[in-house]
>>> print(open('input_16.txt').read())   # compact mmCIF, C-alpha atoms
# COMPACT_ATOMS: atom_id res chain seq x y z
CA MET Q 1 -1.96 -8.54 -33.99
CA TRP Q 2 0.98 -8.14 -31.65
CA THR Q 3 1.74 -7.12 -28.09
CA GLU Q 4 5.08 -6.68 -26.39
CA THR Q 5 5.61 -6.26 -22.66
CA THR Q 6 8.62 -4.84 -20.90
CA SER Q 7 9.15 -4.25 -17.20
CA LEU Q 8 11.05 -1.23 -16.01
CA HIS Q 9 11.36 1.71 -13.67
CA PRO Q 10 9.75 4.85 -15.15
CA ASP Q 11 13.18 6.55 -15.21
CA ALA Q 12 14.48 3.86 -17.57
CA TRP Q 13 12.11 4.67 -20.44
CA SER Q 14 14.00 6.32 -23.30
CA ASP Q 15 14.21 6.70 -27.06
CA LYS Q 16 16.60 3.76 -27.02
CA VAL Q 17 14.06 1.56 -25.22
CA GLU Q 18 11.42 2.52 -27.80
CA ALA Q 19 13.79 1.75 -30.65
CA ASP Q 20 14.76 -1.57 -29.06
CA LEU Q 21 11.14 -2.57 -28.60
CA ARG Q 22 10.33 -1.57 -32.18
CA ARG Q 23 13.17 -3.74 -33.47
CA THR Q 24 12.21 -6.60 -31.13
CA VAL Q 25 8.62 -6.63 -32.34
CA LEU Q 26 9.67 -6.51 -35.97
CA MET Q 27 12.24 -9.26 -35.53
CA HIS Q 28 10.26 -11.63 -33.36
CA ARG Q 29 6.67 -11.00 -34.41
CA PHE Q 30 7.21 -10.36 -38.09
CA HIS Q 31 10.50 -12.24 -38.50
CA LEU Q 32 12.18 -9.32 -40.16
CA GLY Q 33 15.82 -8.54 -39.87
CA ALA Q 34 17.52 -11.90 -39.38
CA LEU Q 35 19.81 -12.92 -42.20
CA PRO Q 36 20.72 -16.60 -42.63
CA HIS Q 37 24.17 -16.13 -41.13
CA GLY Q 38 22.72 -14.37 -38.08
CA GLU Q 39 23.64 -10.80 -38.81
CA ILE Q 40 20.90 -8.38 -37.87
CA HIS Q 41 19.61 -6.64 -40.92
CA TYR Q 42 16.81 -4.16 -40.48
CA ARG Q 43 15.35 -1.70 -42.92
CA LEU Q 44 12.53 0.73 -42.31
CA GLU Q 45 10.88 -0.22 -45.59
CA ASP Q 46 10.50 -3.76 -44.27
CA GLU Q 47 7.94 -2.58 -41.72
CA PRO Q 48 4.47 -4.03 -42.26
CA GLU Q 49 1.87 -1.53 -43.36
CA GLY Q 50 0.40 0.38 -40.44
CA PHE Q 51 2.98 -0.89 -37.98
CA ALA Q 52 4.82 2.39 -37.56
CA ALA Q 53 1.68 4.38 -36.76
CA ALA Q 54 0.42 1.77 -34.30
CA PHE Q 55 3.80 1.42 -32.58
CA ASP Q 56 4.35 5.17 -32.35
CA ALA Q 57 0.87 5.69 -30.85
CA ALA Q 58 1.41 2.91 -28.33
CA ALA Q 59 4.87 4.21 -27.39
CA ALA Q 60 3.54 7.76 -27.01
CA SER Q 61 0.80 6.49 -24.73
CA ALA Q 62 3.36 4.56 -22.66
CA ARG Q 63 5.59 7.62 -22.40
CA GLU Q 64 2.68 9.76 -21.23
CA GLN Q 65 1.53 7.25 -18.60
CA LEU Q 66 5.07 6.60 -17.36
CA ALA Q 67 5.56 10.32 -16.77
CA ASN Q 68 3.01 10.03 -13.97
CA ALA Q 69 4.27 6.72 -12.60
CA THR Q 70 6.61 6.50 -9.62
CA VAL Q 71 7.15 2.77 -9.21
CA HIS Q 72 8.23 -0.04 -11.55
CA GLN Q 73 5.71 -0.86 -14.25
CA ASN Q 74 4.90 -3.65 -16.66
CA VAL Q 75 4.31 -1.86 -19.95
CA THR Q 76 2.45 -3.62 -22.74
CA LEU Q 77 2.45 -2.06 -26.18
CA SER Q 78 -0.26 -3.31 -28.50
CA SER Q 79 -0.95 -3.29 -32.23
CA ASP Q 80 -4.15 -1.31 -31.63
CA GLY Q 81 -1.96 1.67 -30.72
CA THR Q 82 -2.50 1.51 -26.97
CA ALA Q 83 -0.21 0.99 -24.02
CA THR Q 84 -1.30 -0.71 -20.81
CA LEU Q 85 0.59 -0.21 -17.57
CA SER Q 86 0.39 -2.27 -14.41
CA PRO Q 87 2.59 -1.97 -11.34
CA MET Q 88 5.48 -4.43 -11.31
CA VAL Q 89 5.78 -6.18 -7.97
CA VAL Q 90 9.37 -6.01 -6.78
CA ARG Q 91 10.03 -7.51 -3.39
CA THR Q 92 12.82 -5.53 -1.81
CA ALA Q 93 15.18 -7.02 0.73
CA GLU Q 94 13.35 -5.15 3.49
CA GLU Q 95 9.97 -6.50 2.35
CA TYR Q 96 11.40 -10.00 2.06
CA ALA Q 97 12.73 -9.80 5.64
CA ALA Q 98 9.31 -8.65 6.87
CA HIS Q 99 7.66 -11.48 4.95
CA GLU Q 100 10.04 -14.02 6.49
CA ALA Q 101 9.46 -12.59 9.97
CA ALA Q 102 5.69 -12.87 9.53
CA HIS Q 103 6.07 -16.50 8.47
CA ALA Q 104 8.36 -17.25 11.41
CA ALA Q 105 5.74 -15.79 13.77
CA LEU Q 106 3.04 -17.95 12.20
CA ARG Q 107 5.22 -21.04 12.51
CA ALA Q 108 5.93 -20.24 16.16
CA MET Q 109 2.22 -19.81 16.76
CA ALA Q 110 1.53 -23.19 15.15
CA VAL Q 111 4.18 -24.87 17.33
CA ASP Q 112 2.76 -23.16 20.41
CA ARG Q 113 -0.76 -24.27 19.49
CA ALA Q 114 0.45 -27.87 19.03
CA SER Q 115 2.17 -27.89 22.42
CA ARG Q 116 -0.90 -26.38 24.10
CA GLN Q 117 -3.08 -29.04 22.45
CA ALA Q 118 -0.84 -31.75 23.94
CA GLU Q 119 -1.09 -30.06 27.35
CA TRP Q 120 -4.88 -29.92 27.02
CA ASP Q 121 -5.08 -33.58 25.94
CA ALA Q 122 -2.95 -34.64 28.93
CA ALA Q 123 -5.15 -32.66 31.30
CA VAL Q 124 -8.33 -34.23 29.87
CA GLN Q 125 -6.81 -37.69 30.12
CA ALA Q 126 -5.77 -37.09 33.75
CA HIS Q 127 -9.22 -35.82 34.59
CA TYR Q 128 -10.79 -38.88 32.91
CA GLU Q 129 -8.54 -41.28 34.82
CA SER Q 130 -9.26 -39.46 38.05
CA ASP Q 131 -12.99 -39.85 37.42
CA LEU Q 132 -12.53 -43.55 36.71
CA GLN Q 133 -10.62 -44.06 39.95
CA ARG Q 134 -13.27 -42.15 41.90
CA LEU Q 135 -16.04 -44.26 40.37
CA ALA Q 136 -14.10 -47.46 41.03
CA GLY Q 137 -13.68 -46.46 44.67
CA ALA Q 138 -17.34 -45.49 45.14
CA MET L 139 50.04 -26.00 10.65
CA ALA L 140 46.83 -27.94 10.12
CA ALA L 141 47.21 -31.66 9.64
CA SER L 142 44.89 -31.60 6.64
CA PRO L 143 43.70 -28.93 4.25
CA ALA L 144 40.40 -27.23 5.01
CA TYR L 145 37.59 -27.62 2.52
CA SER L 146 34.30 -25.79 2.52
CA SER L 147 31.65 -28.39 3.23
CA THR L 148 28.19 -26.93 3.79
CA VAL L 149 26.37 -25.20 0.97
CA ASN L 150 25.68 -21.54 1.62
CA ILE L 151 23.63 -19.62 -0.92
CA GLY L 152 22.26 -16.12 -0.58
CA SER L 153 19.95 -14.08 -2.79
CA ALA L 154 18.66 -10.53 -2.59
CA VAL L 155 17.23 -7.74 -4.68
CA VAL L 156 19.09 -4.46 -4.63
CA SER L 157 17.66 -1.59 -2.58
CA ALA L 158 14.88 0.70 -3.77
CA THR L 159 17.18 3.61 -2.94
CA LEU L 160 20.20 4.53 -5.02
CA ASP L 161 23.58 4.87 -3.32
CA THR L 162 26.76 6.17 -4.93
CA SER L 163 29.04 5.95 -1.90
CA LEU L 164 32.12 3.80 -2.42
CA THR L 165 33.15 3.84 1.22
CA ALA L 166 30.10 4.13 3.47
CA PRO L 167 26.86 3.25 1.69
CA THR L 168 23.69 3.48 3.75
CA HIS L 169 21.43 1.55 1.38
CA ALA L 170 23.49 -1.56 0.72
CA VAL L 171 21.60 -4.85 0.73
CA THR L 172 23.21 -7.96 2.19
CA VAL L 173 23.33 -10.92 -0.18
CA PHE L 174 25.59 -13.36 1.62
CA THR L 175 26.60 -13.99 5.23
CA ALA L 176 29.63 -16.10 6.04
CA GLY L 177 29.28 -19.10 8.35
CA ALA L 178 30.77 -19.53 11.83
CA SER L 179 34.09 -20.83 10.46
CA GLY L 180 34.20 -18.61 7.40
CA SER L 181 32.93 -19.20 3.89
CA GLN L 182 33.94 -19.30 0.28
CA SER L 183 32.04 -17.81 -2.61
CA TYR L 184 32.44 -19.57 -5.95
CA GLU L 185 30.09 -17.60 -8.10
CA VAL L 186 27.85 -14.56 -8.05
CA LYS L 187 25.13 -14.06 -10.62
CA TYR L 188 23.59 -10.66 -11.18
CA GLN L 189 20.27 -10.79 -13.01
CA ALA L 190 18.19 -7.81 -14.08
CA LEU L 191 14.47 -8.07 -13.44
CA GLY L 192 13.54 -5.89 -16.38
CA THR L 193 14.81 -3.23 -18.75
CA THR L 194 18.09 -1.72 -17.58
CA VAL L 195 19.88 1.57 -18.11
CA ALA L 196 23.66 1.85 -18.16
CA GLY L 197 24.93 2.00 -14.60
CA VAL L 198 27.14 0.42 -11.99
CA ILE L 199 26.71 -2.18 -9.27
CA ASN L 200 29.04 -1.64 -6.32
CA VAL L 201 29.92 -4.78 -4.40
CA PHE L 202 31.22 -4.57 -0.83
CA ARG L 203 32.74 -6.88 1.71
CA VAL L 204 31.36 -5.78 5.07
CA ASN L 205 33.45 -6.47 8.14
CA GLY L 206 32.53 -5.17 11.57
CA GLY L 207 30.23 -2.56 10.07
CA THR L 208 32.89 -1.21 7.72
CA TYR L 209 32.31 -1.38 3.99
CA TYR L 210 35.16 -2.31 1.66
CA LEU L 211 34.50 -1.92 -2.05
CA ILE L 212 35.76 -5.10 -3.71
CA GLU L 213 34.26 -4.91 -7.20
CA GLN L 214 32.34 -2.69 -9.58
CA ILE L 215 30.19 -4.22 -12.29
CA LEU L 216 28.97 -2.37 -15.34
CA VAL L 217 25.29 -2.85 -16.13
CA GLY L 218 24.42 -2.62 -19.79
CA ALA L 219 21.39 -0.82 -21.20
CA VAL L 220 19.25 -3.75 -22.31
CA THR L 221 15.59 -3.60 -23.23
CA SER L 222 14.04 -6.83 -22.05
CA SER L 223 10.55 -7.81 -23.09
CA THR L 224 8.30 -10.74 -23.77
CA THR L 225 10.73 -11.94 -26.42
CA ALA L 226 14.05 -10.42 -25.34
CA VAL L 227 16.08 -11.51 -22.31
CA ALA L 228 17.21 -9.08 -19.63
CA TRP L 229 20.79 -8.15 -18.75
CA SER L 230 22.74 -10.56 -16.57
CA THR L 231 26.32 -11.44 -15.74
CA VAL L 232 28.07 -14.23 -13.85
CA ARG L 233 31.30 -13.72 -11.93
CA GLN L 234 33.28 -16.77 -10.83
CA TYR L 235 35.98 -16.77 -8.19
CA ALA L 236 38.69 -19.21 -7.18
CA ASN L 237 39.71 -17.61 -3.91
CA ASP L 238 36.89 -15.40 -2.64
CA ASN L 239 37.03 -16.19 1.06
CA PHE L 240 35.06 -14.56 3.84
CA LYS L 241 35.82 -14.52 7.55
CA SER L 242 33.15 -15.48 10.05
CA GLY L 243 30.80 -12.52 10.41
CA ASP L 244 31.68 -11.04 7.03
CA THR L 245 28.87 -10.24 4.61
CA LEU L 246 28.65 -9.38 0.94
CA ALA L 247 26.44 -6.41 0.09
CA PHE L 248 25.65 -4.41 -3.02
CA THR L 249 24.21 -1.14 -4.24
CA VAL L 250 23.24 0.47 -7.55
CA THR L 251 24.02 4.00 -8.60
CA ILE L 252 21.72 5.11 -11.40
CA ALA L 253 18.00 5.92 -11.50
CA GLY L 254 16.23 3.15 -13.32
CA LEU L 255 18.17 0.33 -11.66
CA GLN L 256 16.68 0.58 -8.17
CA SER L 257 15.04 -2.70 -7.05
CA LEU L 258 15.86 -4.12 -10.47
CA ILE L 259 18.96 -6.23 -9.94
CA ALA L 260 18.86 -9.58 -8.15
CA ALA L 261 22.10 -11.12 -6.92
CA THR L 262 22.67 -14.75 -6.00
CA VAL L 263 25.86 -15.87 -4.30
CA LYS L 264 26.75 -19.55 -4.53
CA GLY L 265 29.23 -20.59 -1.89
CA ALA L 266 29.92 -22.87 1.03
CA ASP L 267 30.86 -22.67 4.70
CA TYR L 268 34.09 -24.09 6.10
>>> encode(input="input_16.txt", output="structure tokens")
Amino acid sequence: MWTETTSLHPDAWSDKVEADLRRTVLMHRFHLGALPHGEIHYRLEDEPEGFAAAFDAAAASAREQLANATVHQNVTLSSDGTATLSPMVVRTAEEYAAHEAAHAALRAMAVDRASRQAEWDAAVQAHYESDLQRLAGA
Amino acid sequence: MAASPAYSSTVNIGSAVVSATLDTSLTAPTHAVTVFTAGASGSQSYEVKYQALGTTVAGVINVFRVNGGTYYLIEQILVGAVTSSTTAVAWSTVRQYANDNFKSGDTLAFTVTIAGLQSLIAATVKGADY
């Protein structure tokens, strides 16, 4: 069983990406292709039985789904011949700025609330002391 | 002449992800994203790292110094087509500088040119303010 996930914009999917992923799975999941001195050595006949059909089906499914996608996707190819896509969250500079602004507003609100609490506490204390003085004078 | 040499003293680091909109202009981009803003007495940038957030296609990053609203192209960086995945690292490059100074008010901004790279390159500038 294997799965391999890549993240990309739909426009970036290509035959090269498929070939790269195929080689990556074979090298890292099945440990094929690495010679002792590090040179990459890869032969089609080294592929485990059934791998090619499963990979091709998964890649075809990914290609089909990506054709309808408009935003970045996490694409997971699986040994059962399926591809699963999920939107990749990319925070753009504009979104980051909006996020920071929202946090700054919340922080300002918290500071304002704290200062108003102090104001309220002072008013309660003054009222209490005023009551005490009035009672003492009665 | 100053009595003593000036050294940058306060760390200034900026990070940003490139725009979701491509921009091929080399003189007046409208979708450049600011990565670094110089301090009140100017700043120095020692290093900029560009890191892909996923699989890349071959393309170019345009890097601009922005002064008073005018964009000056200072560097172009070639992005390689790299298929990153669960077990393969994404494209990245590090540029180091000995004399990359910025005047107060200057910014560093960048764009990408090719479909597939939008919102997919993060830049981090490591520098310091004078």
>>> residues_around(input="input_16.txt", residues="Ala247 (chain L)", least_positions_apart="5", cutoff="6 Å", atoms="all atoms listed in the file", output="list in words")
Ala170, Val171, Thr172, Val173, Val201 and Phe202 of chain L
>>> write_last_selection(input="input_16.txt", atoms="C-alpha atoms", output="PDB file, in the frame of the given file")
ATOM      1  CA  ALA L 170      23.490  -1.560   0.720  1.00  0.00           C
ATOM      2  CA  VAL L 171      21.600  -4.850   0.730  1.00  0.00           C
ATOM      3  CA  THR L 172      23.210  -7.960   2.190  1.00  0.00           C
ATOM      4  CA  VAL L 173      23.330 -10.920  -0.180  1.00  0.00           C
ATOM      5  CA  VAL L 201      29.920  -4.780  -4.400  1.00  0.00           C
ATOM      6  CA  PHE L 202      31.220  -4.570  -0.830  1.00  0.00           C
TER       7      PHE L 202
END
>>> interface_residues(input="input_16.txt", of="chain L", to="chain Q", cutoff="12 Å", atoms="only C-alpha atoms", output="NGL selection string")
:L and (152-159 or 169-173 or 190-197 or 219-228 or 247-249 or 252-261)
>>> residues_around(input="input_16.txt", residues="Val263 (chain L)", least_positions_apart="5", cutoff="10 Å", atoms="all atoms listed in the file", output="list in words")
Asn150, Ile151, Gly152, Ser153, Ala154, Val173, Phe174, Thr175, Gln182, Ser183, Tyr184, Glu185, Val186, Lys187, Tyr188, Val232, Arg233, Gln234 and Leu246 of chain L
>>> atom_distance(input="input_16.txt", atom1="CA of Asn237 (chain L)", atom2="CA of Ala166 (chain L)")
24.9 Å
>>> residues_near_point(input="input_16.txt", point="(27.7, -2.7, -17.0)", cutoff="6 Å", atoms="only C-alpha atoms", output="list in words")
Gly197, Val198, Ile215, Leu216, Val217 and Gly218 of chain L
>>> atom_distance(input="input_16.txt", atom1="CA of Ala98 (chain Q)", atom2="CA of Trp229 (chain L)")
28.1 Å
>>> atom_distance(input="input_16.txt", atom1="CA of Pro87 (chain Q)", atom2="CA of Leu26 (chain Q)")
26.0 Å
>>> build_atoms(input="input_16.txt", residues="region 64-87 of chain Q", atoms="N, CA and C atoms", output="PDB file, keeping the file's coordinate frame")
ATOM      1  N   GLU Q  64       3.560   8.839 -21.965  1.00  0.00           N
ATOM      2  CA  GLU Q  64       2.680   9.760 -21.230  1.00  0.00           C
ATOM      3  C   GLU Q  64       2.297   9.166 -19.865  1.00  0.00           C
ATOM      4  N   GLN Q  65       1.940   7.885 -19.869  1.00  0.00           N
ATOM      5  CA  GLN Q  65       1.530   7.250 -18.600  1.00  0.00           C
ATOM      6  C   GLN Q  65       2.720   7.093 -17.651  1.00  0.00           C
ATOM      7  N   LEU Q  66       3.890   6.784 -18.211  1.00  0.00           N
ATOM      8  CA  LEU Q  66       5.070   6.600 -17.360  1.00  0.00           C
ATOM      9  C   LEU Q  66       5.502   7.909 -16.703  1.00  0.00           C
ATOM     10  N   ALA Q  67       5.179   9.022 -17.345  1.00  0.00           N
ATOM     11  CA  ALA Q  67       5.560  10.320 -16.770  1.00  0.00           C
ATOM     12  C   ALA Q  67       4.881  10.537 -15.432  1.00  0.00           C
ATOM     13  N   ASN Q  68       3.736   9.876 -15.229  1.00  0.00           N
ATOM     14  CA  ASN Q  68       3.010  10.030 -13.970  1.00  0.00           C
ATOM     15  C   ASN Q  68       3.236   8.864 -13.010  1.00  0.00           C
ATOM     16  N   ALA Q  69       4.049   7.907 -13.442  1.00  0.00           N
ATOM     17  CA  ALA Q  69       4.270   6.720 -12.600  1.00  0.00           C
ATOM     18  C   ALA Q  69       5.500   6.938 -11.715  1.00  0.00           C
ATOM     19  N   THR Q  70       5.474   6.341 -10.535  1.00  0.00           N
ATOM     20  CA  THR Q  70       6.610   6.500  -9.620  1.00  0.00           C
ATOM     21  C   THR Q  70       7.269   5.168  -9.297  1.00  0.00           C
ATOM     22  N   VAL Q  71       6.562   4.069  -9.531  1.00  0.00           N
ATOM     23  CA  VAL Q  71       7.150   2.770  -9.210  1.00  0.00           C
ATOM     24  C   VAL Q  71       7.292   1.952 -10.503  1.00  0.00           C
ATOM     25  N   HIS Q  72       8.007   0.829 -10.390  1.00  0.00           N
ATOM     26  CA  HIS Q  72       8.230  -0.040 -11.550  1.00  0.00           C
ATOM     27  C   HIS Q  72       6.893  -0.429 -12.201  1.00  0.00           C
ATOM     28  N   GLN Q  73       6.933  -0.540 -13.510  1.00  0.00           N
ATOM     29  CA  GLN Q  73       5.710  -0.860 -14.250  1.00  0.00           C
ATOM     30  C   GLN Q  73       5.956  -1.979 -15.258  1.00  0.00           C
ATOM     31  N   ASN Q  74       4.921  -2.773 -15.494  1.00  0.00           N
ATOM     32  CA  ASN Q  74       4.900  -3.650 -16.660  1.00  0.00           C
ATOM     33  C   ASN Q  74       4.187  -2.874 -17.755  1.00  0.00           C
ATOM     34  N   VAL Q  75       4.844  -2.672 -18.863  1.00  0.00           N
ATOM     35  CA  VAL Q  75       4.310  -1.860 -19.950  1.00  0.00           C
ATOM     36  C   VAL Q  75       4.051  -2.751 -21.160  1.00  0.00           C
ATOM     37  N   THR Q  76       2.805  -2.808 -21.568  1.00  0.00           N
ATOM     38  CA  THR Q  76       2.450  -3.620 -22.740  1.00  0.00           C
ATOM     39  C   THR Q  76       2.023  -2.719 -23.881  1.00  0.00           C
ATOM     40  N   LEU Q  77       2.782  -2.790 -24.960  1.00  0.00           N
ATOM     41  CA  LEU Q  77       2.450  -2.060 -26.180  1.00  0.00           C
ATOM     42  C   LEU Q  77       1.635  -3.011 -27.059  1.00  0.00           C
ATOM     43  N   SER Q  78       0.622  -2.450 -27.722  1.00  0.00           N
ATOM     44  CA  SER Q  78      -0.260  -3.310 -28.500  1.00  0.00           C
ATOM     45  C   SER Q  78      -0.447  -2.766 -29.917  1.00  0.00           C
ATOM     46  N   SER Q  79      -0.778  -3.662 -30.825  1.00  0.00           N
ATOM     47  CA  SER Q  79      -0.950  -3.290 -32.230  1.00  0.00           C
ATOM     48  C   SER Q  79      -2.154  -2.378 -32.455  1.00  0.00           C
ATOM     49  N   ASP Q  80      -3.029  -2.246 -31.465  1.00  0.00           N
ATOM     50  CA  ASP Q  80      -4.150  -1.310 -31.630  1.00  0.00           C
ATOM     51  C   ASP Q  80      -3.732   0.120 -31.248  1.00  0.00           C
ATOM     52  N   GLY Q  81      -2.461   0.326 -30.984  1.00  0.00           N
ATOM     53  CA  GLY Q  81      -1.960   1.670 -30.720  1.00  0.00           C
ATOM     54  C   GLY Q  81      -2.100   2.107 -29.278  1.00  0.00           C
ATOM     55  N   THR Q  82      -2.339   1.158 -28.386  1.00  0.00           N
ATOM     56  CA  THR Q  82      -2.500   1.510 -26.970  1.00  0.00           C
ATOM     57  C   THR Q  82      -1.340   0.943 -26.155  1.00  0.00           C
ATOM     58  N   ALA Q  83      -1.183   1.506 -24.979  1.00  0.00           N
ATOM     59  CA  ALA Q  83      -0.210   0.990 -24.020  1.00  0.00           C
ATOM     60  C   ALA Q  83      -0.927   0.767 -22.695  1.00  0.00           C
ATOM     61  N   THR Q  84      -0.678  -0.392 -22.094  1.00  0.00           N
ATOM     62  CA  THR Q  84      -1.300  -0.710 -20.810  1.00  0.00           C
ATOM     63  C   THR Q  84      -0.199  -0.841 -19.760  1.00  0.00           C
ATOM     64  N   LEU Q  85      -0.386  -0.146 -18.656  1.00  0.00           N
ATOM     65  CA  LEU Q  85       0.590  -0.210 -17.570  1.00  0.00           C
ATOM     66  C   LEU Q  85      -0.009  -0.899 -16.365  1.00  0.00           C
ATOM     67  N   SER Q  86       0.799  -1.702 -15.701  1.00  0.00           N
ATOM     68  CA  SER Q  86       0.390  -2.270 -14.410  1.00  0.00           C
ATOM     69  C   SER Q  86       1.614  -2.296 -13.517  1.00  0.00           C
ATOM     70  N   PRO Q  87       1.417  -2.025 -12.236  1.00  0.00           N
ATOM     71  CA  PRO Q  87       2.590  -1.970 -11.340  1.00  0.00           C
ATOM     72  C   PRO Q  87       3.336  -3.302 -11.329  1.00  0.00           C
TER      73      PRO Q  87
END
